[in-house]
file start22.txt (compact mmCIF, C-alpha atoms)
# COMPACT_ATOMS: atom_id res chain seq x y z
CA MET K 190 -3.11 -23.34 0.75
CA LEU K 191 -4.47 -24.74 -2.53
CA ILE K 192 -2.96 -28.17 -1.92
CA TYR K 193 -4.78 -28.49 1.41
CA ILE K 194 -8.08 -27.63 -0.22
CA LEU K 195 -7.50 -30.20 -2.95
CA ALA K 196 -6.54 -32.82 -0.37
CA ALA K 197 -9.74 -32.21 1.59
CA CYS K 198 -11.79 -32.45 -1.60
CA ALA K 199 -10.05 -35.73 -2.46
CA VAL K 200 -10.90 -37.23 0.92
CA ILE K 201 -14.55 -36.24 0.59
CA LEU K 202 -14.63 -37.63 -2.95
CA LEU K 203 -13.13 -40.94 -1.84
CA ILE K 204 -15.73 -41.36 0.89
CA ALA K 205 -18.52 -40.63 -1.58
CA LEU K 206 -17.10 -43.06 -4.14
CA TYR K 207 -16.70 -45.77 -1.54
CA ARG K 208 -20.36 -45.53 -0.74
CA LEU K 209 -21.36 -45.42 -4.40
CA THR K 210 -19.40 -48.60 -5.15
CA GLY K 211 -21.47 -50.48 -2.60
CA HIS K 212 -18.51 -50.86 -0.27
CA SER K 213 -16.75 -53.01 -2.89
CA ARG K 214 -13.07 -52.94 -1.99
CA LYS K 215 -11.94 -54.02 -5.44
CA ALA K 216 -13.85 -51.20 -7.18
CA PHE K 217 -12.83 -48.73 -4.48
CA TYR K 218 -9.12 -49.58 -4.82
CA GLY K 219 -9.42 -49.20 -8.58
CA LEU K 220 -10.89 -45.73 -8.18
CA CYS K 221 -8.17 -44.80 -5.68
CA ALA K 222 -5.49 -45.88 -8.13
CA GLY K 223 -7.11 -43.83 -10.87
CA LEU K 224 -7.33 -40.78 -8.65
CA ALA K 225 -3.72 -41.19 -7.56
CA LEU K 226 -2.58 -41.41 -11.18
CA ALA K 227 -4.63 -38.37 -12.16
CA GLY K 228 -3.32 -36.47 -9.16
CA SER K 229 0.29 -37.28 -10.04
CA ILE K 230 -0.18 -36.14 -13.62
CA ALA K 231 -1.89 -32.92 -12.46
CA TYR K 232 0.84 -32.24 -9.92
CA TRP K 233 3.69 -32.52 -12.39
CA ALA K 234 1.78 -30.66 -15.10
CA TRP K 235 0.81 -27.84 -12.72
CA PRO K 236 3.07 -24.78 -12.96
CA GLN K 237 5.47 -24.85 -10.02
CA GLY K 238 5.72 -21.09 -9.82
CA GLU K 239 7.94 -18.73 -11.70
CA GLN K 240 11.42 -20.01 -12.24
CA ALA K 241 14.07 -18.00 -10.50
CA ALA K 242 15.47 -15.41 -12.84
CA GLU K 243 19.07 -15.88 -13.81
CA PRO K 244 21.36 -13.54 -11.88
CA LEU K 245 22.47 -10.48 -13.79
CA THR K 246 26.01 -10.33 -15.00
CA LEU K 247 28.26 -7.55 -13.76
CA ALA K 248 27.96 -5.82 -17.14
CA GLN K 249 24.16 -5.98 -16.96
CA GLN K 250 24.16 -4.60 -13.43
CA ASN K 251 26.43 -1.74 -14.47
CA GLU K 252 24.21 -0.96 -17.45
CA LEU K 253 21.11 -0.96 -15.27
CA ALA K 254 22.80 1.32 -12.74
CA ARG K 255 23.80 3.67 -15.56
CA GLN K 256 20.22 3.83 -16.83
CA GLN K 257 18.99 4.47 -13.30
CA GLN K 258 21.30 7.47 -13.06
CA VAL K 259 20.22 8.76 -16.47
CA PHE K 260 16.57 8.46 -15.53
CA ALA K 261 17.14 10.12 -12.13
CA LEU K 262 18.71 13.18 -13.75
CA TRP K 263 15.97 13.38 -16.37
CA TYR K 264 13.23 12.99 -13.77
CA LYS K 265 14.76 15.71 -11.60
CA ASP K 266 14.43 18.20 -14.48
CA TYR K 267 10.94 16.91 -15.23
CA GLN K 268 9.85 17.57 -11.65
CA LYS K 269 11.11 21.16 -11.98
CA ASP K 270 8.84 21.60 -14.98
CA LEU K 271 5.89 20.19 -13.02
CA THR K 272 6.62 22.58 -10.17
CA GLU K 273 6.59 25.55 -12.57
CA LEU K 274 3.39 24.36 -14.21
CA ASP K 275 1.73 24.13 -10.83
CA HIS K 276 3.06 27.56 -9.80
CA ASN K 277 1.78 29.19 -12.97
CA TRP K 278 -1.63 27.60 -12.59
CA GLN K 279 -1.95 28.65 -8.94
CA TRP K 280 -0.92 32.21 -9.82
CA TYR K 281 -3.49 32.25 -12.65
CA HIS K 282 -6.27 31.30 -10.24
CA HIS K 283 -5.02 33.74 -7.63
CA ILE K 284 -5.21 36.63 -10.12
CA LEU K 285 -8.78 35.79 -11.07
CA GLU K 286 -9.81 35.28 -7.44
CA SER K 287 -8.26 38.60 -6.39
CA PHE K 288 -10.23 40.38 -9.10
CA LYS K 289 -13.42 38.57 -8.10
CA GLU K 290 -12.97 39.75 -4.52
CA GLY K 291 -12.35 43.32 -5.68
CA ASN K 292 -8.74 43.48 -4.51
CA ILE K 293 -7.30 44.43 -7.92
CA SER K 294 -8.54 46.25 -11.00
CA LEU K 295 -9.19 44.85 -14.47
CA GLN K 296 -6.11 46.73 -15.70
CA THR K 297 -3.98 44.96 -13.10
CA VAL K 298 -5.49 41.62 -14.09
CA HIS K 299 -4.53 42.25 -17.69
CA ILE K 300 -0.97 43.26 -16.80
CA ARG K 301 -0.40 40.24 -14.57
CA LEU K 302 -1.92 37.81 -17.04
CA THR K 303 0.23 39.28 -19.82
CA GLN K 304 3.37 38.51 -17.83
CA LEU K 305 2.06 35.09 -16.88
CA GLU K 306 1.28 34.34 -20.50
CA GLN K 307 4.90 35.07 -21.44
CA ASP K 308 6.21 32.86 -18.62
CA SER K 309 3.81 30.09 -19.63
CA ALA K 310 4.90 30.30 -23.28
CA GLN K 311 8.56 29.91 -22.32
CA LEU K 312 7.82 26.96 -20.05
CA THR K 313 5.69 25.25 -22.70
CA ALA K 314 8.44 25.66 -25.29
CA ARG K 315 11.01 24.24 -22.90
CA ILE K 316 8.87 21.21 -22.08
CA GLN K 317 8.14 20.54 -25.75
CA ALA K 318 11.85 20.74 -26.54
CA HIS K 319 12.68 18.03 -24.02
CA ALA K 320 13.36 14.55 -25.33
CA ALA K 321 13.51 11.18 -23.63
CA PRO K 322 17.10 10.11 -22.89
CA LEU K 323 18.49 7.97 -25.68
CA GLU K 324 20.53 6.03 -23.12
CA LEU K 325 17.36 4.37 -21.82
CA SER K 326 16.21 1.01 -23.11
CA GLU K 327 13.61 1.03 -25.86
CA TYR K 328 10.84 0.16 -23.37
CA CYS K 329 11.76 2.94 -20.92
CA TYR K 330 12.44 5.39 -23.74
CA ASP K 331 8.92 4.88 -25.11
CA LEU K 332 7.41 5.40 -21.65
CA ALA K 333 9.44 8.58 -21.06
CA SER K 334 8.38 9.85 -24.48
CA THR K 335 4.75 9.26 -23.53
CA VAL K 336 5.28 11.27 -20.35
CA ILE K 337 6.74 14.15 -22.37
CA THR K 338 3.88 14.01 -24.89
CA LYS K 339 1.25 14.15 -22.14
CA THR K 340 3.04 16.93 -20.27
CA SER K 341 3.56 18.98 -23.45
CA ALA K 342 -0.13 18.74 -24.28
CA TYR K 343 -1.06 19.76 -20.74
CA ALA K 344 1.34 22.72 -20.77
CA ALA K 345 -0.02 23.86 -24.15
CA ALA K 346 -3.60 23.67 -22.89
CA GLN K 347 -2.66 25.59 -19.76
CA HIS K 348 -0.97 28.28 -21.84
CA LYS K 349 -4.02 28.54 -24.09
CA ALA K 350 -6.30 29.10 -21.09
CA ILE K 351 -4.04 31.84 -19.74
CA ALA K 352 -3.72 33.51 -23.17
CA LEU K 353 -7.47 33.53 -23.82
CA THR K 354 -8.19 34.88 -20.35
CA ARG K 355 -5.59 37.62 -20.84
CA ALA K 356 -7.28 38.57 -24.13
CA ALA K 357 -10.70 38.62 -22.45
CA ALA K 358 -9.30 40.85 -19.67
CA ASP K 359 -8.11 43.52 -22.08
CA PRO K 360 -9.90 46.69 -20.84
CA ALA K 361 -10.18 47.98 -24.40
CA ARG K 362 -12.14 44.89 -25.47
CA MET K 363 -14.09 44.08 -22.31
CA PRO K 364 -17.81 44.33 -23.22
CA ALA K 365 -19.02 44.68 -19.61
CA GLU K 366 -18.53 47.65 -17.30
CA ASP K 367 -19.69 46.11 -14.04
CA PRO K 368 -16.71 44.45 -12.23
CA ALA K 369 -18.88 41.53 -11.12
CA GLU K 370 -19.94 40.85 -14.71
CA GLN K 371 -16.35 41.26 -15.88
CA SER K 372 -15.24 38.70 -13.32
CA ARG K 373 -17.97 36.31 -14.42
CA LEU K 374 -16.81 36.56 -18.04
CA LEU K 375 -13.22 35.79 -17.06
CA GLN K 376 -14.35 32.90 -14.88
CA ASP K 377 -16.28 31.50 -17.83
CA VAL K 378 -13.12 31.48 -19.93
CA MET K 379 -11.22 29.77 -17.13
CA LEU K 380 -13.85 27.06 -16.68
CA ARG K 381 -14.17 26.47 -20.41
CA GLU K 382 -10.46 26.32 -21.20
CA SER K 383 -8.95 24.67 -18.11
CA PRO K 384 -7.10 21.47 -19.09
CA VAL K 385 -7.89 18.10 -17.59
CA ALA K 386 -5.54 16.81 -14.91
CA LEU K 387 -2.14 15.46 -15.91
CA PHE K 388 -1.68 11.75 -15.19
CA THR K 389 1.80 10.28 -15.72
CA ALA K 390 2.20 8.17 -12.57
CA GLU K 391 1.57 4.92 -14.45
CA GLU K 392 4.42 5.51 -16.90
CA ILE K 393 6.84 6.73 -14.21
CA THR K 394 6.10 3.71 -12.02
CA ALA K 395 6.60 1.34 -14.96
CA ILE K 396 10.01 2.89 -15.71
CA ARG K 397 11.12 2.59 -12.09
CA GLU K 398 10.04 -1.04 -11.94
CA GLN K 399 11.87 -1.80 -15.18
CA LEU K 400 15.08 -0.19 -13.93
CA ALA K 401 14.96 -1.78 -10.48
CA LEU K 402 17.57 -4.44 -9.73
CA PRO K 403 16.13 -7.94 -9.02
CA ARG K 404 16.74 -7.52 -5.26
CA GLU K 405 15.02 -4.12 -5.28
CA LYS K 406 12.05 -5.63 -7.11
CA ARG K 407 11.69 -8.36 -4.49
CA GLU K 408 11.86 -5.86 -1.64
CA ALA K 409 9.28 -3.63 -3.34
CA SER K 410 6.83 -6.48 -3.98
CA PRO K 411 4.05 -7.01 -1.41
CA GLN K 412 4.56 -9.80 1.11
CA GLU K 413 2.47 -12.89 0.43

call {"tool": "encode", "arguments": {"input": "start22.txt", "output": "C-alpha cells"}}
result
Amino acid sequence: MLIYILAACAVILLIALYRLTGHSRKAFYGLCAGLALAGSIAYWAWPQGEQAAEPLTLAQQNELARQQQVFALWYKDYQKDLTELDHNWQWYHHILESFKEGNISLQTVHIRLTQLEQDSAQLTARIQAHAAPLELSEYCYDLASTVITKTSAYAAAQHKAIALTRAAADPARMPAEDPAEQSRLLQDVMLRESPVALFTAEEITAIREQLALPREKREASPQE
C-alpha cells in the first residue's frame, strides 16, 4: 500500500517539477534521473520486513514443548488457587449481606468469619509457598514469579480484610447494639480493607507467547 502512495506522490512531483523547469526537457530529465537514483537508494535502504526466523532445531522444539508442559501444570494449580480466592471472597460478602438483611445473627457472623479466616490463612500460606518452576526460561521464570508475588499480596490483603471483619464482629467487643448499626460498622471495615483487583493477565499472556512454537505464533497473530 505504501509503495502505491509513494508512486502517486512521485508522479505529482514530476509534473510539478516539469512545469517549474519551464518545460525544459534537459532540466526535467536531470531531475528525473536524480529522483530515480534517490528512489533506488531509499528502496534498498528501506527495511524489507522482518527476516524469517531460523527454524528451530529438534532439540529446541523438544525443550519448548517441555516448558509448555511445565507451565501448563503450574498454571493448573494456580487456577485452583484463584478459584479458592474467589470462593472465599464471595462467601465473605455473602455472610455480611445475610447479616445486613437480618437472616443471621451477629454471633453466627462471628462464627462463620472465624472459620473463613482460618481457611483464608491456609490458602494464603499455600500461595506464598509456591515458587515459579525452575525449568522455565529466565524470562518466563521472572514473569511467573511476578504473578506469584501479585497473587500472594492479594491473598494477604484479602485475609487481612476477613480477619479484621471477624474481630469487629466479636459480640463481646461490638460497641453497637442495634443490628443495623452493627452491620454498618462491619460494612465499613469491608469497604476500607478490601484489596484492589488482581491483574496478572499481562504476565500470563507474555509467558504463553514466549512458549508458543513459531507456527502457533503465526496462527495467533492477527491477519493483515

call {"tool": "residues_near_point", "arguments": {"input": "start22.txt", "point": "(-5.0, 39.2, -22.2)", "cutoff": "9 Å", "atoms": "all atoms listed in the file", "output": "list in words"}}
result
Val298, His299, Ile300, Arg301, Leu302, Thr303, Glu306, Ile351, Ala352, Leu353, Thr354, Arg355, Ala356, Ala357, Ala358 and Asp359 of chain K

call {"tool": "write_last_selection", "arguments": {"input": "start22.txt", "atoms": "C-alpha atoms", "output": "PDB file, keeping the file's coordinate frame"}}
result
ATOM      1  CA  VAL K 298      -5.490  41.620 -14.090  1.00  0.00           C
ATOM      2  CA  HIS K 299      -4.530  42.250 -17.690  1.00  0.00           C
ATOM      3  CA  ILE K 300      -0.970  43.260 -16.800  1.00  0.00           C
ATOM      4  CA  ARG K 301      -0.400  40.240 -14.570  1.00  0.00           C
ATOM      5  CA  LEU K 302      -1.920  37.810 -17.040  1.00  0.00           C
ATOM      6  CA  THR K 303       0.230  39.280 -19.820  1.00  0.00           C
ATOM      7  CA  GLU K 306       1.280  34.340 -20.500  1.00  0.00           C
ATOM      8  CA  ILE K 351      -4.040  31.840 -19.740  1.00  0.00           C
ATOM      9  CA  ALA K 352      -3.720  33.510 -23.170  1.00  0.00           C
ATOM     10  CA  LEU K 353      -7.470  33.530 -23.820  1.00  0.00           C
ATOM     11  CA  THR K 354      -8.190  34.880 -20.350  1.00  0.00           C
ATOM     12  CA  ARG K 355      -5.590  37.620 -20.840  1.00  0.00           C
ATOM     13  CA  ALA K 356      -7.280  38.570 -24.130  1.00  0.00           C
ATOM     14  CA  ALA K 357     -10.700  38.620 -22.450  1.00  0.00           C
ATOM     15  CA  ALA K 358      -9.300  40.850 -19.670  1.00  0.00           C
ATOM     16  CA  ASP K 359      -8.110  43.520 -22.080  1.00  0.00           C
TER      17      ASP K 359
END

call {"tool": "atom_distance", "arguments": {"input": "start22.txt", "atom1": "atom CA of His282 of chain K", "atom2": "atom CA of Ala350 of chain K"}}
result
11.1 Å

call {"tool": "residues_around", "arguments": {"input": "start22.txt", "residues": "segment 251-254 of chain K", "least_positions_apart": "6", "cutoff": "8 Å", "atoms": "only C-alpha atoms", "output": "NGL selection string"}}
result
:K and (400-402)

call {"tool": "closest_residue", "arguments": {"input": "start22.txt", "among": "K:Ala342, K:Leu285, K:Ala390, K:Gln249", "to": "Arg373 of chain K", "atoms": "only C-alpha atoms"}}
result
K:Leu285

call {"tool": "closest_residue", "arguments": {"input": "start22.txt", "among": "K:Leu245, K:Val336, K:Ala386, K:Leu305", "to": "His348 of chain K", "atoms": "all atoms listed in the file"}}
result
K:Leu305

call {"tool": "atom_distance", "arguments": {"input": "start22.txt", "atom1": "atom CA of Trp278 of chain K", "atom2": "atom CA of Ser383 of chain K"}}
result
9.6 Å

call {"tool": "atom_distance", "arguments": {"input": "start22.txt", "atom1": "atom CA of Glu398 of chain K", "atom2": "atom CA of Gln257 of chain K"}}
result
10.6 Å

call {"tool": "closest_atom_pairs", "arguments": {"input": "start22.txt", "of": "segment 303-396 of chain K", "to": "segment 265-277 of chain K", "cutoff": "8 Å", "atoms": "all atoms listed in the file", "output": "CSV"}}
result
residue,atom,partner,partner_atom,distance
K:Leu305,CA,K:Asn277,CA,7.1
K:Ser309,CA,K:Asn277,CA,7.0
K:Leu312,CA,K:Asp270,CA,7.4
K:Ile316,CA,K:Asp270,CA,7.1
K:Ala344,CA,K:Leu274,CA,7.1

call {"tool": "closest_residue", "arguments": {"input": "start22.txt", "among": "K:Thr340, K:Glu382, K:Phe288, K:Ser326", "to": "Glu370 of chain K", "atoms": "only C-alpha atoms"}}
result
K:Phe288

call {"tool": "residues_around", "arguments": {"input": "start22.txt", "residues": "Tyr343 of chain K", "least_positions_apart": "3", "cutoff": "7 Å", "atoms": "all atoms listed in the file", "output": "PDB file with C-alpha atoms, keeping the file's coordinate frame"}}
result
ATOM      1  CA  LYS K 339       1.250  14.150 -22.140  1.00  0.00           C
ATOM      2  CA  THR K 340       3.040  16.930 -20.270  1.00  0.00           C
ATOM      3  CA  ALA K 346      -3.600  23.670 -22.890  1.00  0.00           C
ATOM      4  CA  GLN K 347      -2.660  25.590 -19.760  1.00  0.00           C
ATOM      5  CA  PRO K 384      -7.100  21.470 -19.090  1.00  0.00           C
ATOM      6  CA  LEU K 387      -2.140  15.460 -15.910  1.00  0.00           C
TER       7      LEU K 387
END

call {"tool": "closest_residue", "arguments": {"input": "start22.txt", "among": "K:Pro368, K:Phe260, K:Gln307, K:Glu392", "to": "Asp331 of chain K", "atoms": "all atoms listed in the file"}}
result
K:Glu392

call {"tool": "closest_residue", "arguments": {"input": "start22.txt", "among": "K:Ala310, K:Leu374, K:Ile293, K:Ile396", "to": "Val259 of chain K", "atoms": "only C-alpha atoms"}}
result
K:Ile396

call {"tool": "residues_around", "arguments": {"input": "start22.txt", "residues": "Gln317 of chain K", "least_positions_apart": "6", "cutoff": "8 Å", "atoms": "all atoms listed in the file", "output": "list of chain:residue names"}}
result
K:Ile337, K:Thr338, K:Ser341

call {"tool": "closest_residue", "arguments": {"input": "start22.txt", "among": "K:Gln371, K:Gln256, K:Gln376, K:Gln250", "to": "Tyr330 of chain K", "atoms": "all atoms listed in the file"}}
result
K:Gln256

call {"tool": "decode", "arguments": {"input": "start22.txt", "residues": "segment 289-384 of chain K", "atoms": "C-alpha atoms", "output": "PDB file, in the first residue's frame"}}
result
ATOM      1  CA  LYS K 289     -27.435  -6.916  56.714  1.00  0.00           C
ATOM      2  CA  GLU K 290     -30.711  -8.469  55.592  1.00  0.00           C
ATOM      3  CA  GLY K 291     -31.358  -9.853  59.076  1.00  0.00           C
ATOM      4  CA  ASN K 292     -31.111 -13.509  58.087  1.00  0.00           C
ATOM      5  CA  ILE K 293     -28.376 -14.392  60.601  1.00  0.00           C
ATOM      6  CA  SER K 294     -27.269 -13.106  63.999  1.00  0.00           C
ATOM      7  CA  LEU K 295     -24.041 -11.329  64.897  1.00  0.00           C
ATOM      8  CA  GLN K 296     -22.939 -14.481  66.738  1.00  0.00           C
ATOM      9  CA  THR K 297     -23.377 -16.505  63.554  1.00  0.00           C
ATOM     10  CA  VAL K 298     -21.448 -13.882  61.585  1.00  0.00           C
ATOM     11  CA  HIS K 299     -18.567 -14.177  64.018  1.00  0.00           C
ATOM     12  CA  ILE K 300     -18.546 -17.987  63.886  1.00  0.00           C
ATOM     13  CA  ARG K 301     -18.614 -18.096  60.090  1.00  0.00           C
ATOM     14  CA  LEU K 302     -15.967 -15.423  59.707  1.00  0.00           C
ATOM     15  CA  THR K 303     -13.743 -17.250  62.201  1.00  0.00           C
ATOM     16  CA  GLN K 304     -13.854 -20.377  60.050  1.00  0.00           C
ATOM     17  CA  LEU K 305     -13.359 -18.353  56.889  1.00  0.00           C
ATOM     18  CA  GLU K 306     -10.377 -16.607  58.436  1.00  0.00           C
ATOM     19  CA  GLN K 307      -8.741 -19.984  59.092  1.00  0.00           C
ATOM     20  CA  ASP K 308      -9.418 -21.163  55.534  1.00  0.00           C
ATOM     21  CA  SER K 309      -8.067 -17.888  54.162  1.00  0.00           C
ATOM     22  CA  ALA K 310      -4.897 -18.162  56.254  1.00  0.00           C
ATOM     23  CA  GLN K 311      -4.203 -21.661  54.931  1.00  0.00           C
ATOM     24  CA  LEU K 312      -4.781 -20.589  51.339  1.00  0.00           C
ATOM     25  CA  THR K 313      -2.568 -17.525  51.720  1.00  0.00           C
ATOM     26  CA  ALA K 314       0.240 -19.626  53.174  1.00  0.00           C
ATOM     27  CA  ARG K 315      -0.059 -22.118  50.336  1.00  0.00           C
ATOM     28  CA  ILE K 316       0.059 -19.403  47.679  1.00  0.00           C
ATOM     29  CA  GLN K 317       3.055 -17.724  49.301  1.00  0.00           C
ATOM     30  CA  ALA K 318       4.872 -21.062  49.446  1.00  0.00           C
ATOM     31  CA  HIS K 319       4.506 -21.573  45.699  1.00  0.00           C
ATOM     32  CA  ALA K 320       7.520 -20.888  43.524  1.00  0.00           C
ATOM     33  CA  ALA K 321       7.905 -20.393  39.803  1.00  0.00           C
ATOM     34  CA  PRO K 322       9.096 -23.575  38.044  1.00  0.00           C
ATOM     35  CA  LEU K 323      12.860 -23.617  37.716  1.00  0.00           C
ATOM     36  CA  GLU K 324      12.506 -25.488  34.422  1.00  0.00           C
ATOM     37  CA  LEU K 325      11.195 -22.339  32.742  1.00  0.00           C
ATOM     38  CA  SER K 326      13.499 -19.992  30.885  1.00  0.00           C
ATOM     39  CA  GLU K 327      14.769 -16.973  32.790  1.00  0.00           C
ATOM     40  CA  TYR K 328      12.272 -14.689  31.027  1.00  0.00           C
ATOM     41  CA  CYS K 329       9.261 -16.907  31.775  1.00  0.00           C
ATOM     42  CA  TYR K 330      10.507 -17.648  35.286  1.00  0.00           C
ATOM     43  CA  ASP K 331      10.631 -13.931  36.095  1.00  0.00           C
ATOM     44  CA  LEU K 332       7.102 -13.439  34.749  1.00  0.00           C
ATOM     45  CA  ALA K 333       5.755 -16.397  36.744  1.00  0.00           C
ATOM     46  CA  SER K 334       7.467 -15.041  39.852  1.00  0.00           C
ATOM     47  CA  THR K 335       5.745 -11.697  39.299  1.00  0.00           C
ATOM     48  CA  VAL K 336       2.402 -13.493  39.066  1.00  0.00           C
ATOM     49  CA  ILE K 337       3.074 -15.260  42.368  1.00  0.00           C
ATOM     50  CA  THR K 338       4.150 -12.015  44.043  1.00  0.00           C
ATOM     51  CA  LYS K 339       0.988 -10.212  42.931  1.00  0.00           C
ATOM     52  CA  THR K 340      -1.266 -13.111  43.911  1.00  0.00           C
ATOM     53  CA  SER K 341       0.419 -13.505  47.308  1.00  0.00           C
ATOM     54  CA  ALA K 342      -0.081  -9.821  48.061  1.00  0.00           C
ATOM     55  CA  TYR K 343      -3.722 -10.038  47.004  1.00  0.00           C
ATOM     56  CA  ALA K 344      -4.341 -13.144  49.123  1.00  0.00           C
ATOM     57  CA  ALA K 345      -2.704 -11.486  52.140  1.00  0.00           C
ATOM     58  CA  ALA K 346      -4.848  -8.375  51.722  1.00  0.00           C
ATOM     59  CA  GLN K 347      -7.970 -10.500  51.392  1.00  0.00           C
ATOM     60  CA  HIS K 348      -7.072 -12.422  54.544  1.00  0.00           C
ATOM     61  CA  LYS K 349      -6.472  -9.170  56.427  1.00  0.00           C
ATOM     62  CA  ALA K 350      -9.925  -7.873  55.468  1.00  0.00           C
ATOM     63  CA  ILE K 351     -11.573 -11.086  56.646  1.00  0.00           C
ATOM     64  CA  ALA K 352      -9.581 -11.133  59.909  1.00  0.00           C
ATOM     65  CA  LEU K 353     -10.368  -7.505  60.773  1.00  0.00           C
ATOM     66  CA  THR K 354     -14.046  -8.001  59.991  1.00  0.00           C
ATOM     67  CA  ARG K 355     -14.125 -11.121  62.175  1.00  0.00           C
ATOM     68  CA  ALA K 356     -12.572  -9.120  65.020  1.00  0.00           C
ATOM     69  CA  ALA K 357     -15.119  -6.328  64.550  1.00  0.00           C
ATOM     70  CA  ALA K 358     -17.954  -8.892  64.611  1.00  0.00           C
ATOM     71  CA  ASP K 359     -16.959 -10.267  68.001  1.00  0.00           C
ATOM     72  CA  PRO K 360     -20.149  -9.820  70.103  1.00  0.00           C
ATOM     73  CA  ALA K 361     -18.057  -9.170  73.210  1.00  0.00           C
ATOM     74  CA  ARG K 362     -16.348  -6.191  71.550  1.00  0.00           C
ATOM     75  CA  MET K 363     -19.129  -4.831  69.341  1.00  0.00           C
ATOM     76  CA  PRO K 364     -19.824  -1.250  70.539  1.00  0.00           C
ATOM     77  CA  ALA K 365     -23.279  -1.020  68.936  1.00  0.00           C
ATOM     78  CA  GLU K 366     -26.432  -2.859  69.975  1.00  0.00           C
ATOM     79  CA  ASP K 367     -28.653  -2.038  67.025  1.00  0.00           C
ATOM     80  CA  PRO K 368     -28.227  -4.707  64.270  1.00  0.00           C
ATOM     81  CA  ALA K 369     -28.408  -2.061  61.533  1.00  0.00           C
ATOM     82  CA  GLU K 370     -25.581  -0.093  63.151  1.00  0.00           C
ATOM     83  CA  GLN K 371     -23.616  -3.295  63.691  1.00  0.00           C
ATOM     84  CA  SER K 372     -23.981  -4.121  60.017  1.00  0.00           C
ATOM     85  CA  ARG K 373     -22.866  -0.637  59.046  1.00  0.00           C
ATOM     86  CA  LEU K 374     -19.714  -0.998  61.148  1.00  0.00           C
ATOM     87  CA  LEU K 375     -18.866  -4.316  59.514  1.00  0.00           C
ATOM     88  CA  GLN K 376     -19.541  -2.887  56.062  1.00  0.00           C
ATOM     89  CA  ASP K 377     -17.174  -0.029  56.849  1.00  0.00           C
ATOM     90  CA  VAL K 378     -14.394  -2.498  57.615  1.00  0.00           C
ATOM     91  CA  MET K 379     -15.111  -4.369  54.395  1.00  0.00           C
ATOM     92  CA  LEU K 380     -15.029  -1.215  52.269  1.00  0.00           C
ATOM     93  CA  ARG K 381     -11.878   0.077  53.943  1.00  0.00           C
ATOM     94  CA  GLU K 382      -9.888  -3.154  53.802  1.00  0.00           C
ATOM     95  CA  SER K 383     -10.995  -4.740  50.515  1.00  0.00           C
ATOM     96  CA  PRO K 384      -7.982  -5.297  48.223  1.00  0.00           C
TER      97      PRO K 384
END
